[in-house]
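What follows is one structure encoded as structure tokens, with my remarks underneath.
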Amino acid sequence: MDLGISGKTAIVCASSKGLGRGCAEALAAEGVNLVLNARGAEALEATAEAIRAAHGVTVTTVAGDITTEEVRGEVLEAAGDVEILVNNAGGPPPGLWNDWDRDDFIAAFDANMLTPIALMQAVLPGMIDRGWGRVVNITSGSVKAPVPQLGLSNTARTGLTGFVAGTSRQVAWAGVTINNLLPGIHATDRAVMLDSGVSKAEGIPIDEARKNREATIPAHRYGTTEEFGAACAFLCSKHAGFIVGQNIVLDGGAINATI
Ligand code: NAP
């Protein structure tokens, strides 16, 4: 299927690794030019070079923390008239409900709620003027079913989801769609970090922690970044113009719900 987005420009935040990189690769495979961002310059450059070599698209990099206004400004400037925005940032640390103080909540809100909102506020006017745009926010299955040890994530991402629910319906008339992708567990560094936490807490090897978690997923495995990227690219495609304000779960069936 031709996704109809060849030659468009996309910002993919937090994309040197993991799910962000999966989205960047899938968009590049469709001929989309990219502005990629991550804090670590070395991994970011390596990813950019691999994508250029594989897909022949233009890839511009902006190294820095996307939760800062300065780096967001650099990313926006590098992209110019951007047509696709994929919002992403690192997830907050695990803990229990009484572990966190105000500063911890502010940091989580900054990364997983206020940064994507600020980027949407920056790009939506241009997308509306030009009559076409796609925004995909990488959130989490924790929006639909809270993860007990990820209270900061449950809280901040639900706030973003509320913003998207209202805003997506206010811009859809202009051919601009905003949707959220809700990952369940995927095989990335983040998954290794979470499995290490379980391994330490339960005194079991990390492989056993992973096997135990896989057994709780109807698909009996973790998701791949390629699968995740493909879903993102479809939401960014010309075919997805009638998908508005949705929260699409990619979790191998892990959330046990009828709808
Ligand atoms: P990952 O493998 O750890 O990759 C994170 C990427 O984001 C890296 O490229 C990292 O590069 C970059 N990054 C992190 N913080 C950043 C910041 N402040 N500014 C710019 N770049 C930043 O994580 P992932 O698994 O892809 O997860 C992506 C998002 O999905 C996270 O919010 C995570 O919580 C959420 N999620 C993941 C899963 C899962 O199973 N993987 C499940 C549910 C939700 P640098 O470190 O160099 O900046």
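Chain labels follow the order of the structure tokens: the first chain is A, the next B, and so on; residue numbering restarts at 1 in every chain, and ligands are counted from 1 in their shown order.
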
Using only C-alpha atoms and all ligand atoms, what does the table of chain A residues within 8 Å of ligand 1 look like, with each row giving the shortest atom pair and its distance in Å to one decimal, sorted by chain and ascending number, as a Markdown table?
| residue | atom | partner | partner_atom_place_in_ligand_line | distance |
| --- | --- | --- | --- | --- |
| A:Cys13 | CA | ligand 1 | 21 (N) | 6.3 |
| A:Ala14 | CA | ligand 1 | 21 (N) | 3.5 |
| A:Ser15 | CA | ligand 1 | 9 (O) | 4.4 |
| A:Ser16 | CA | ligand 1 | 9 (O) | 3.6 |
| A:Lys17 | CA | ligand 1 | 9 (O) | 3.8 |
| A:Gly18 | CA | ligand 1 | 26 (O) | 3.3 |
| A:Leu19 | CA | ligand 1 | 26 (O) | 3.7 |
| A:Gly20 | CA | ligand 1 | 26 (O) | 5.6 |
| A:Arg21 | CA | ligand 1 | 9 (O) | 6.9 |
| A:Asn37 | CA | ligand 1 | 20 (C) | 5.8 |
| A:Ala38 | CA | ligand 1 | 21 (N) | 3.4 |
| A:Arg39 | CA | ligand 1 | 48 (O) | 3.5 |
| A:Gly40 | CA | ligand 1 | 47 (O) | 3.5 |
| A:Ala41 | CA | ligand 1 | 47 (O) | 6.9 |
| A:Ala43 | CA | ligand 1 | 47 (O) | 6.7 |
| A:Leu44 | CA | ligand 1 | 47 (O) | 7.0 |
| A:Ala63 | CA | ligand 1 | 20 (C) | 7.5 |
| A:Gly64 | CA | ligand 1 | 20 (C) | 5.9 |
| A:Asp65 | CA | ligand 1 | 19 (N) | 3.6 |
| A:Ile66 | CA | ligand 1 | 19 (N) | 3.9 |
| A:Thr67 | CA | ligand 1 | 18 (N) | 5.3 |
| A:Asn88 | CA | ligand 1 | 29 (C) | 5.9 |
| A:Ala89 | CA | ligand 1 | 15 (N) | 4.5 |
| A:Gly90 | CA | ligand 1 | 15 (N) | 3.6 |
| A:Gly91 | CA | ligand 1 | 34 (O) | 3.2 |
| A:Pro92 | CA | ligand 1 | 34 (O) | 6.5 |
| A:Ala111 | CA | ligand 1 | 18 (N) | 6.4 |
| A:Asn112 | CA | ligand 1 | 32 (O) | 6.9 |
| A:Ile138 | CA | ligand 1 | 30 (O) | 5.9 |
| A:Thr139 | CA | ligand 1 | 35 (C) | 6.0 |
| A:Ser140 | CA | ligand 1 | 44 (C) | 4.1 |
| A:Gly141 | CA | ligand 1 | 43 (C) | 6.0 |
| A:Ser142 | CA | ligand 1 | 43 (C) | 7.2 |
| A:Ser153 | CA | ligand 1 | 34 (O) | 7.3 |
| A:Leu182 | CA | ligand 1 | 43 (C) | 6.8 |
| A:Pro183 | CA | ligand 1 | 43 (C) | 4.5 |
| A:Gly184 | CA | ligand 1 | 42 (C) | 4.7 |
| A:Ile185 | CA | ligand 1 | 40 (O) | 3.3 |
| A:His186 | CA | ligand 1 | 40 (O) | 3.7 |
| A:Ala187 | CA | ligand 1 | 41 (N) | 6.0 |
| A:Thr188 | CA | ligand 1 | 2 (O) | 4.4 |
| A:Asp189 | CA | ligand 1 | 2 (O) | 4.1 |
| A:Arg190 | CA | ligand 1 | 3 (O) | 4.2 |
| A:Ala191 | CA | ligand 1 | 40 (O) | 4.9 |
| A:Tyr222 | CA | ligand 1 | 40 (O) | 7.7 |
| A:Gly223 | CA | ligand 1 | 40 (O) | 7.6 |
| A:Thr225 | CA | ligand 1 | 26 (O) | 7.9 |

Those residues with C-alpha atoms, as a compact mmCIF listing (two decimals), in the first residue's frame please?
# COMPACT_ATOMS: atom_id res chain seq x y z
CA CYS A 13 11.17 13.32 18.90
CA ALA A 14 13.29 11.03 21.06
CA SER A 15 14.15 8.84 18.11
CA SER A 16 17.73 7.56 18.31
CA LYS A 17 16.47 4.28 19.77
CA GLY A 18 13.40 2.26 20.61
CA LEU A 19 9.87 3.16 19.56
CA GLY A 20 10.83 6.63 18.28
CA ARG A 21 13.43 5.08 16.00
CA ASN A 37 16.12 14.27 18.09
CA ALA A 38 17.63 12.65 21.19
CA ARG A 39 19.96 13.83 23.96
CA GLY A 40 22.92 11.60 23.11
CA ALA A 41 24.53 12.96 19.93
CA ALA A 43 23.61 7.39 18.97
CA LEU A 44 21.49 10.03 17.21
CA ALA A 63 20.80 16.70 19.78
CA GLY A 64 19.34 17.84 23.09
CA ASP A 65 16.63 17.41 25.68
CA ILE A 66 13.24 17.79 24.02
CA THR A 67 11.70 18.80 27.36
CA ASN A 88 7.91 11.04 22.22
CA ALA A 89 10.23 11.35 25.24
CA GLY A 90 11.68 9.04 27.85
CA GLY A 91 9.26 7.56 30.37
CA PRO A 92 9.29 8.50 34.06
CA ALA A 111 8.33 15.14 29.54
CA ASN A 112 5.09 13.30 28.92
CA ILE A 138 3.53 7.92 21.77
CA THR A 139 1.85 7.51 25.15
CA SER A 140 1.39 4.19 26.97
CA GLY A 141 -1.05 1.40 27.71
CA SER A 142 -0.96 2.91 31.22
CA SER A 153 3.36 7.83 33.74
CA LEU A 182 -0.45 3.29 23.40
CA PRO A 183 2.43 0.79 23.60
CA GLY A 184 2.26 -2.22 25.81
CA ILE A 185 5.62 -3.84 26.46
CA HIS A 186 8.02 -3.64 23.50
CA ALA A 187 11.57 -4.97 23.21
CA THR A 188 13.52 -1.73 23.79
CA ASP A 189 15.99 -0.37 26.36
CA ARG A 190 12.98 0.82 28.36
CA ALA A 191 11.75 -2.78 28.65
CA TYR A 222 7.10 -8.41 23.48
CA GLY A 223 6.21 -6.12 20.58
CA THR A 225 9.82 -1.50 17.10

Report task. Extract, using only C-alpha atoms, all DNA, RNA and protein residues at most 7 Å from Thr60 of chain A, discarding same-chain residues fewer than 2 positions from it, and format them as a PyMOL selection string. Result -> chain A and resi 34-36+58+62

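When atom CA of Phe228 of chain A is paired with atom CA of Asn247 of chain A, their separation reads 13.7 Å.
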
Query - From A:Val59, A:Leu119, A:Ile106, A:Ile255, residue lying nearest Pro146 of chain A [only C-alpha atoms] - result: A:Ile255

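For Asp81 of chain A, the set of protein, DNA and RNA residues having any atom at most 9 Å away, when counting only C-alpha atoms and skipping those fewer than 4 positions along the same chain, is Thr9, Leu76, Glu77, Val123, Gly126 and Met127 of chain A.
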
Given the selection you just returned, output its residues as a file containing N, CA, C and O atoms, formatted as an mmCIF file, in the first residue's frame.
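After the write, part-v7.cif holds the following:
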data_model
loop_
_atom_site.group_PDB
_atom_site.id
_atom_site.type_symbol
_atom_site.label_atom_id
_atom_site.label_comp_id
_atom_site.auth_asym_id
_atom_site.auth_seq_id
_atom_site.Cartn_x
_atom_site.Cartn_y
_atom_site.Cartn_z
ATOM 1 N N THR A 9 7.691 16.158 5.306
ATOM 2 C CA THR A 9 8.702 16.318 6.369
ATOM 3 C C THR A 9 8.098 15.988 7.728
ATOM 4 O O THR A 9 6.991 16.447 8.041
ATOM 5 N N LEU A 76 12.019 22.681 15.806
ATOM 6 C CA LEU A 76 10.994 23.316 14.959
ATOM 7 C C LEU A 76 11.650 24.112 13.832
ATOM 8 O O LEU A 76 11.193 24.078 12.687
ATOM 9 N N GLU A 77 12.739 24.794 14.165
ATOM 10 C CA GLU A 77 13.421 25.588 13.147
ATOM 11 C C GLU A 77 14.011 24.673 12.062
ATOM 12 O O GLU A 77 13.922 24.970 10.861
ATOM 13 N N VAL A 123 3.038 23.529 15.960
ATOM 14 C CA VAL A 123 2.909 23.087 14.560
ATOM 15 C C VAL A 123 1.480 23.141 14.023
ATOM 16 O O VAL A 123 1.282 23.209 12.808
ATOM 17 N N GLY A 126 0.323 26.044 11.380
ATOM 18 C CA GLY A 126 0.831 25.862 10.014
ATOM 19 C C GLY A 126 0.115 24.716 9.303
ATOM 20 O O GLY A 126 -0.226 24.809 8.121
ATOM 21 N N MET A 127 -0.100 23.617 10.025
ATOM 22 C CA MET A 127 -0.803 22.469 9.417
ATOM 23 C C MET A 127 -2.216 22.879 9.005
ATOM 24 O O MET A 127 -2.694 22.527 7.924
#
